[in-house]
$ cat work_23.cif   # mmCIF, C-alpha atoms
data_data
loop_
_atom_site.label_atom_id
_atom_site.label_comp_id
_atom_site.auth_asym_id
_atom_site.auth_seq_id
_atom_site.Cartn_x
_atom_site.Cartn_y
_atom_site.Cartn_z
CA MET J 243 93.28 70.46 64.57
CA GLU J 244 96.09 68.57 66.32
CA ILE J 245 97.36 71.79 67.88
CA ASN J 246 93.86 72.64 69.12
CA ASN J 247 93.42 69.15 70.55
CA LYS J 248 96.76 69.33 72.35
CA SER J 249 95.97 72.77 73.78
CA SER J 250 92.54 71.62 74.94
CA GLU J 251 94.16 68.71 76.75
CA THR J 252 96.30 71.11 78.81
CA ASP J 253 93.50 73.61 79.47
CA PHE J 254 91.91 73.68 82.90
CA ILE J 255 88.14 73.53 83.34
CA LEU J 256 86.72 76.07 85.80
CA LEU J 257 83.70 74.35 87.31
CA GLY J 258 82.52 77.58 88.94
CA PHE J 259 78.77 77.46 89.43
CA SER J 260 78.13 74.67 86.89
CA SER J 261 76.39 72.60 89.58
CA ARG J 262 73.68 75.29 89.59
CA PRO J 263 73.37 76.41 85.95
CA GLN J 264 70.05 78.16 86.64
CA LEU J 265 71.92 80.73 88.76
CA GLU J 266 74.71 81.47 86.30
CA HIS J 267 72.94 84.33 84.48
CA ILE J 268 71.91 85.95 87.77
CA ILE J 269 75.43 85.60 89.20
CA SER J 270 76.99 87.00 86.00
CA ALA J 271 74.72 90.07 86.14
CA VAL J 272 75.55 90.69 89.81
CA VAL J 273 79.30 90.19 89.22
CA PHE J 274 79.21 92.55 86.21
CA VAL J 275 77.54 95.31 88.27
CA PHE J 276 80.05 94.89 91.11
CA TYR J 277 82.92 94.94 88.61
CA ILE J 278 81.74 98.23 87.05
CA VAL J 279 81.39 99.74 90.54
CA THR J 280 84.94 98.53 91.34
CA LEU J 281 86.36 100.05 88.15
CA VAL J 282 84.59 103.40 88.52
CA GLY J 283 85.06 103.73 92.29
CA ASN J 284 88.73 102.79 92.51
CA THR J 285 89.68 104.73 89.37
CA THR J 286 87.94 107.80 90.82
CA ILE J 287 89.93 107.54 94.06
CA ILE J 288 93.23 107.22 92.17
CA LEU J 289 92.47 110.18 89.86
CA VAL J 290 91.11 112.44 92.59
CA SER J 291 94.07 111.69 94.90
CA TYR J 292 96.46 112.54 92.07
CA LEU J 293 94.70 115.62 90.68
CA ASP J 294 93.76 117.38 93.93
CA SER J 295 96.77 118.86 95.74
CA GLN J 296 94.95 118.87 99.08
CA LEU J 297 94.87 115.06 98.97
CA HIS J 298 98.64 114.74 98.49
CA THR J 299 98.97 113.22 101.96
CA PRO J 300 100.20 109.81 103.20
CA MET J 301 96.65 108.60 103.82
CA TYR J 302 95.56 109.15 100.22
CA PHE J 303 98.88 107.88 98.85
CA PHE J 304 98.21 104.57 100.62
CA LEU J 305 94.54 104.63 99.61
CA SER J 306 95.51 105.12 95.94
CA ASN J 307 97.78 102.09 96.14
CA LEU J 308 94.99 100.08 97.75
CA SER J 309 92.60 101.10 94.96
CA PHE J 310 95.17 100.12 92.33
CA VAL J 311 95.59 96.71 93.99
CA ASP J 312 91.82 96.20 93.99
CA LEU J 313 91.58 97.20 90.32
CA CYS J 314 94.29 94.74 89.28
CA TYR J 315 92.94 92.01 91.57
CA THR J 316 89.40 92.03 90.22
CA THR J 317 90.55 92.49 86.62
CA SER J 318 92.71 89.37 86.88
CA ILE J 319 89.59 87.35 87.81
CA VAL J 320 86.31 88.88 86.61
CA PRO J 321 86.72 89.10 82.79
CA GLN J 322 87.57 85.39 82.48
CA MET J 323 84.80 84.57 84.95
CA LEU J 324 82.20 86.48 82.90
CA VAL J 325 83.35 84.79 79.67
CA ASN J 326 82.85 81.39 81.30
CA LEU J 327 79.47 82.34 82.75
CA TRP J 328 78.16 83.77 79.48
CA GLY J 329 79.58 81.15 77.10
CA PRO J 330 79.33 77.36 76.76
CA LYS J 331 83.06 76.83 77.42
CA LYS J 332 84.28 76.84 81.01
CA SER J 333 87.97 76.44 80.23
CA ILE J 334 91.09 78.50 80.84
CA THR J 335 94.52 77.89 79.34
CA TYR J 336 97.29 76.57 81.56
CA GLY J 337 99.21 79.84 81.12
CA GLY J 338 96.10 81.87 81.92
CA CYS J 339 95.50 79.82 85.04
CA VAL J 340 99.09 80.29 86.24
CA LEU J 341 98.88 84.06 85.71
CA GLN J 342 95.52 84.28 87.45
CA PHE J 343 96.82 82.20 90.36
CA PHE J 344 100.01 84.27 90.67
CA PHE J 345 98.31 87.69 90.54
CA ALA J 346 95.61 86.63 93.01
CA LEU J 347 98.28 85.60 95.54
CA ASP J 348 100.54 88.58 94.85
CA LEU J 349 97.84 91.23 95.05
CA GLY J 350 96.01 89.59 97.95
CA ALA J 351 99.18 89.49 100.09
CA THR J 352 100.06 93.06 99.08
CA GLU J 353 96.63 94.26 100.21
CA CYS J 354 97.09 92.58 103.59
CA LEU J 355 100.31 94.50 104.17
CA LEU J 356 98.90 97.78 102.80
CA LEU J 357 96.00 97.66 105.25
CA ALA J 358 98.50 97.27 108.10
CA VAL J 359 100.52 100.23 106.77
CA MET J 360 97.34 102.32 106.62
CA ALA J 361 96.56 101.44 110.24
CA TYR J 362 100.01 102.70 111.27
CA ASP J 363 99.35 105.91 109.34
CA ARG J 364 96.09 106.43 111.26
CA TYR J 365 97.92 105.75 114.54
CA ALA J 366 100.54 108.38 113.71
CA ALA J 367 97.87 110.90 112.65
CA VAL J 368 95.73 110.49 115.76
CA CYS J 369 98.29 109.74 118.48
CA GLN J 370 101.22 111.84 117.22
CA PRO J 371 99.52 114.76 115.39
CA LEU J 372 102.29 117.29 116.07
CA HIS J 373 105.00 114.96 114.70
CA TYR J 374 102.86 113.36 111.96
CA THR J 375 104.57 115.06 109.00
CA VAL J 376 107.98 114.15 110.41
CA ILE J 377 107.05 110.52 111.10
CA MET J 378 105.20 109.91 107.82
CA HIS J 379 107.61 111.67 105.48
CA PRO J 380 107.34 110.83 101.75
CA VAL J 381 110.47 108.63 101.64
CA LEU J 382 109.19 106.43 104.49
CA CYS J 383 105.75 106.17 102.85
CA GLN J 384 107.32 105.06 99.57
CA LYS J 385 109.48 102.49 101.33
CA MET J 386 106.49 101.08 103.22
CA VAL J 387 104.45 100.73 100.02
CA LEU J 388 107.40 99.19 98.17
CA SER J 389 107.88 96.70 101.01
CA ALA J 390 104.20 95.72 100.78
CA TRP J 391 104.48 95.13 97.01
CA LEU J 392 107.73 93.16 97.33
CA GLY J 393 106.33 91.12 100.22
CA GLY J 394 103.31 90.15 98.14
CA LEU J 395 105.54 89.27 95.20
CA GLY J 396 107.79 87.06 97.34
CA SER J 397 104.92 85.12 98.89
CA ALA J 398 103.30 84.59 95.47
CA LEU J 399 106.53 83.23 93.97
CA ILE J 400 106.96 80.76 96.84
CA LEU J 401 103.39 79.45 96.83
CA CYS J 402 103.13 79.37 93.03
CA SER J 403 106.31 77.35 92.60
CA LEU J 404 105.29 74.83 95.28
CA THR J 405 101.67 74.42 94.16
CA LEU J 406 102.38 74.07 90.44
CA LYS J 407 104.93 71.31 91.11
CA LEU J 408 102.26 69.07 92.64
CA PRO J 409 101.35 66.08 90.42
CA ARG J 410 97.77 66.30 89.16
CA CYS J 411 97.52 62.83 87.58
CA GLY J 412 95.58 64.21 84.62
CA HIS J 413 93.07 66.16 86.73
CA ARG J 414 92.00 69.34 84.92
CA GLU J 415 88.86 70.41 86.78
CA VAL J 416 89.31 73.42 89.08
CA ASP J 417 86.53 73.42 91.64
CA ASN J 418 86.11 77.19 91.66
CA PHE J 419 85.35 80.12 89.33
CA PHE J 420 89.05 81.09 89.10
CA CYS J 421 92.44 79.48 89.68
CA GLU J 422 92.80 79.91 93.42
CA MET J 423 95.28 78.06 95.60
CA PRO J 424 92.88 75.89 97.67
CA ALA J 425 91.19 74.64 94.49
CA LEU J 426 94.53 73.91 92.77
CA ILE J 427 95.83 72.05 95.83
CA LYS J 428 92.68 69.89 95.83
CA MET J 429 93.46 68.92 92.22
CA ALA J 430 96.69 67.24 93.30
CA CYS J 431 96.70 63.47 93.62
CA VAL J 432 99.17 63.53 96.53
CA TYR J 433 99.07 65.11 99.97
CA SER J 434 101.81 67.68 100.58
CA ARG J 435 102.66 68.36 104.20
CA VAL J 436 105.27 70.91 103.05
CA ILE J 437 102.69 73.11 101.30
CA GLU J 438 100.38 72.91 104.29
CA ILE J 439 103.17 74.16 106.58
CA VAL J 440 104.24 76.90 104.13
CA VAL J 441 100.64 78.09 103.65
CA PHE J 442 100.09 78.21 107.40
CA THR J 443 103.40 80.03 108.01
CA LEU J 444 102.73 82.62 105.30
CA GLY J 445 99.15 82.91 106.59
CA VAL J 446 100.53 83.90 109.98
CA ILE J 447 102.98 86.39 108.41
CA PHE J 448 100.54 88.01 105.96
CA LEU J 449 97.25 87.64 107.83
CA LEU J 450 97.58 87.19 111.60
CA VAL J 451 100.63 89.44 112.19
CA PRO J 452 99.29 92.42 110.17
CA LEU J 453 95.85 91.97 111.72
CA SER J 454 97.38 91.92 115.22
CA LEU J 455 99.30 95.13 114.46
CA ILE J 456 96.10 96.73 113.14
CA LEU J 457 94.16 95.78 116.27
CA ILE J 458 96.95 97.09 118.53
CA SER J 459 97.02 100.36 116.55
CA TYR J 460 93.29 100.79 116.94
CA ALA J 461 93.40 99.95 120.63
CA VAL J 462 95.87 102.82 121.11
CA ILE J 463 93.81 105.05 118.79
CA THR J 464 90.66 104.32 120.82
CA GLN J 465 92.41 105.44 124.01
CA ALA J 466 93.55 108.63 122.29
CA VAL J 467 90.09 109.33 120.85
CA MET J 468 88.52 109.09 124.31
CA LYS J 469 90.70 112.02 125.40
CA ILE J 470 89.72 114.27 122.46
CA LYS J 471 87.51 117.14 123.65
CA SER J 472 86.78 118.67 120.23
CA ALA J 473 83.57 117.13 118.87
CA THR J 474 84.50 118.02 115.26
CA ARG J 475 87.93 116.38 115.42
CA TRP J 476 86.51 113.42 117.34
CA ARG J 477 83.94 112.88 114.56
CA LYS J 478 86.57 113.20 111.81
CA VAL J 479 88.84 110.63 113.49
CA LEU J 480 85.96 108.19 113.85
CA ASN J 481 84.99 108.61 110.18
CA THR J 482 88.45 107.94 108.75
CA CYS J 483 89.36 105.20 111.23
CA GLY J 484 85.90 103.64 111.05
CA SER J 485 86.14 103.36 107.26
CA HIS J 486 89.51 101.64 107.45
CA LEU J 487 88.39 99.29 110.21
CA THR J 488 85.30 98.28 108.19
CA VAL J 489 87.48 97.38 105.18
CA VAL J 490 89.88 95.45 107.43
CA THR J 491 87.04 93.44 108.96
CA LEU J 492 85.54 92.51 105.57
CA PHE J 493 88.84 91.60 103.93
CA TYR J 494 90.72 89.87 106.75
CA GLY J 495 87.66 88.10 108.12
CA THR J 496 86.91 86.20 104.91
CA LEU J 497 90.58 85.55 104.05
CA ILE J 498 91.45 84.15 107.47
CA TYR J 499 88.39 81.90 107.36
CA MET J 500 89.44 80.55 103.94
CA TYR J 501 93.21 80.21 104.36
CA MET J 502 93.78 79.56 108.06
CA LYS J 503 91.08 76.90 108.35
CA PRO J 504 91.84 73.28 107.26
CA GLN J 505 90.66 72.96 103.65
CA ASN J 506 88.84 69.66 104.22
CA THR J 507 86.51 71.35 106.71
CA ILE J 508 85.18 73.93 104.20
CA SER J 509 82.21 72.87 102.08
CA HIS J 510 82.02 73.59 98.34
CA GLU J 511 79.18 76.16 98.62
CA GLU J 512 80.75 77.79 101.67
CA GLY J 513 84.12 78.16 99.93
CA GLN J 514 82.56 79.66 96.80
CA PHE J 515 80.54 82.18 98.82
CA PHE J 516 83.55 83.46 100.78
CA THR J 517 85.76 83.51 97.67
CA LEU J 518 83.11 85.47 95.77
CA PHE J 519 82.87 87.91 98.66
CA TYR J 520 86.54 88.83 99.05
CA THR J 521 87.35 88.76 95.31
CA ILE J 522 84.29 90.55 93.90
CA VAL J 523 82.28 92.26 96.64
CA THR J 524 84.97 93.70 98.94
CA PRO J 525 86.96 95.54 96.19
CA SER J 526 83.75 97.26 95.07
CA LEU J 527 82.81 98.26 98.61
CA ASN J 528 86.19 99.79 99.48
CA PRO J 529 85.71 103.02 97.45
CA LEU J 530 82.16 103.41 98.77
CA ILE J 531 83.23 102.89 102.37
CA TYR J 532 86.10 105.37 102.08
CA THR J 533 84.20 108.08 100.17
CA LEU J 534 80.65 108.03 101.56
CA ARG J 535 81.85 109.09 105.02
CA ASN J 536 84.78 111.18 103.82
CA LYS J 537 84.18 114.90 103.19
CA ASP J 538 87.75 115.41 101.92
CA VAL J 539 87.16 113.17 98.89
CA LYS J 540 83.71 114.64 98.22
CA ASN J 541 85.08 118.18 98.36
CA ALA J 542 88.02 117.22 96.14
CA VAL J 543 85.65 115.81 93.50
CA LYS J 544 83.64 119.06 93.60
CA ARG J 545 86.81 121.13 93.20
CA ILE J 546 87.99 119.08 90.23
CA LEU J 547 84.58 119.29 88.56
CA GLY J 548 84.38 123.03 89.27
CA MET J 549 81.29 122.62 91.44
CA ASP J 550 82.89 124.10 94.56
CA LYS J 551 83.94 127.60 93.52
CA HIS J 552 84.14 128.82 97.08
CA SER J 553 86.20 125.90 98.47
CA GLY J 554 89.07 128.26 99.31
CA LYS J 555 86.82 130.52 101.40
CA VAL J 556 85.81 129.61 104.92
#

$ encode --input "work_23.cif" --output "structure tokens"
Amino acid sequence: MEINNKSSETDFILLGFSSRPQLEHIISAVVFVFYIVTLVGNTTIILVSYLDSQLHTPMYFFLSNLSFVDLCYTTSIVPQMLVNLWGPKKSITYGGCVLQFFFALDLGATECLLLAVMAYDRYAAVCQPLHYTVIMHPVLCQKMVLSAWLGGLGSALILCSLTLKLPRCGHREVDNFFCEMPALIKMACVYSRVIEIVVFTLGVIFLLVPLSLILISYAVITQAVMKIKSATRWRKVLNTCGSHLTVVTLFYGTLIYMYMKPQNTISHEEGQFFTLFYTIVTPSLNPLIYTLRNKDVKNAVKRILGMDKHSGKV
């Protein structure tokens, strides 16, 4: 009993949607559906990209990594969230909270960099088609992905170490449905100018800089697309680039609003809505956005399932 009491004293309480208990069952059902879609959609992209030789290209190598990031990201949040929504207890252990906090930062920053890498890939494919295989050779692709993963890991280690050192003065209530940085910083009983500066600096590095590079890439791509005379190729470029740009808008838009805006200007309901969107909704939409308008993936699925027996004949 003493051990249980001591552990309960160190546990954090995830307030989540406890202010509106009548919505908890509805929210849990919606989150569960989105989570299943995320699991099925992203797993399908990873498997299809691996099994179909025609998708062994830089674009699908990056897309597979993005899908893996989304799978890990949602899985680090949703299961614990559903347990809290379905059960009477709203707690999470200190260790569980630290892990959730770390993986959310790590995977979120990695996704920011991956989206920028994917924009460069689209730039090379559209603007340098004759030299594309030379520019985007496998070794470079692997190094770019590794850099994205290591960059996310570095930022997570810095922010985790700084945030967890803040004195909480006994506060255990996390004003969110998972252990996210803004909510953990609000738990502190002191104001830290250092963390504010570090968060802003890393926000510029992992949000504004990659987004600027993406926008520059697409500005150049747009100019190149305007010169394309082939209607078929023009349509294909718009489909692949349009899918990526949609994902970028959804992901970066909500993240920049949450992390680059002063925390005291964001209301509780507003913060929860945006957090729910980029942690639950966006990862489930990514596979749909990339596959619904992408004939390559659809044809690859048919080939794997044996539904497209004449795929080799034109």

$ resolve_selection --input "work_23.cif" --expression "the PyMOL selection byres ((chain J and resi 425) around 12)" --output "number ranges by chain"
J: 254-258, 339, 343, 405-406, 410, 413-424, 426-430, 500-501, 505-506, 508-510, 513-514, 517

$ residues_around --input "work_23.cif" --residues "J:Val446" --least-positions-apart "6" --cutoff "10 Å" --atoms "only C-alpha atoms" --output "list in words"
Val440, Pro452, Leu453, Ile498, Tyr501 and Met502 of chain J

$ atom_distance --input "work_23.cif" --atom1 "atom CA of J:Thr533" --atom2 "atom CA of J:Met301"
13.0 Å

$ resolve_selection --input "work_23.cif" --expression "the PyMOL selection byres ((chain J and resi 479-495) around 8)" --output "list of chain:residue names"
J:Cys354, J:Leu357, J:Met360, J:Ala361, J:Arg364, J:Val368, J:Leu449, J:Leu453, J:Val467, J:Arg475, J:Trp476, J:Arg477, J:Lys478, J:Thr496, J:Leu497, J:Ile498, J:Tyr499, J:Tyr520, J:Thr524, J:Asn528, J:Ile531, J:Tyr532, J:Arg535, J:Asn536

$ residues_around --input "work_23.cif" --residues "J:Ser260" --least-positions-apart "5" --cutoff "9 Å" --atoms "only C-alpha atoms" --output "list in words"
Leu265, Glu266, Leu327 and Lys332 of chain J

$ resolve_selection --input "work_23.cif" --expression "the PyMOL selection byres ((chain J and resi 409) around 7)" --output "list in words"
Lys407, Leu408, Arg410, Cys411, Ala430, Cys431 and Val432 of chain J

$ write_last_selection --input "work_23.cif" --atoms "C-alpha atoms" --output "CSV table (one decimal), in the coordinates of the input"
chain,number,residue,atom,x,y,z
J,407,LYS,CA,104.9,71.3,91.1
J,408,LEU,CA,102.3,69.1,92.6
J,410,ARG,CA,97.8,66.3,89.2
J,411,CYS,CA,97.5,62.8,87.6
J,430,ALA,CA,96.7,67.2,93.3
J,431,CYS,CA,96.7,63.5,93.6
J,432,VAL,CA,99.2,63.5,96.5

$ atom_distance --input "work_23.cif" --atom1 "atom CA of J:Thr464" --atom2 "atom CA of J:Ala367"
12.7 Å

$ atom_distance --input "work_23.cif" --atom1 "atom CA of J:Lys385" --atom2 "atom CA of J:Leu297"
19.4 Å

$ closest_residue --input "work_23.cif" --among "J:Ser261, J:Thr285, J:Thr352, J:Ile278" --to "J:Pro321" --atoms "only C-alpha atoms"
J:Ile278

$ closest_residue --input "work_23.cif" --among "J:Gly548, J:Thr252, J:Leu395, J:Leu518" --to "J:Ile334" --atoms "only C-alpha atoms"
J:Thr252

$ closest_residue --input "work_23.cif" --among "J:Cys369, J:Leu404, J:Leu281, J:Leu324" --to "J:Gln465" --atoms "only C-alpha atoms"
J:Cys369

$ closest_residue --input "work_23.cif" --among "J:Ala351, J:Val381, J:Leu530, J:Leu372" --to "J:Gly393" --atoms "all atoms listed in the file"
J:Ala351

$ closest_residue --input "work_23.cif" --among "J:Ser318, J:Asn541, J:Thr286, J:Gln264" --to "J:Phe344" --atoms "only C-alpha atoms"
J:Ser318

$ residues_around --input "work_23.cif" --residues "J:Gly396" --least-positions-apart "5" --cutoff "12 Å" --atoms "all atoms listed in the file" --output "list in words"
Phe344, Phe345, Leu347, Asp348, Leu349, Ala351, Thr352, Ser389, Ala390, Trp391, Leu401, Cys402, Ser403, Leu444 and Phe448 of chain J

$ closest_residue --input "work_23.cif" --among "J:Pro529, J:Asp294, J:Thr280, J:Phe274" --to "J:Ala542" --atoms "all atoms listed in the file"
J:Asp294
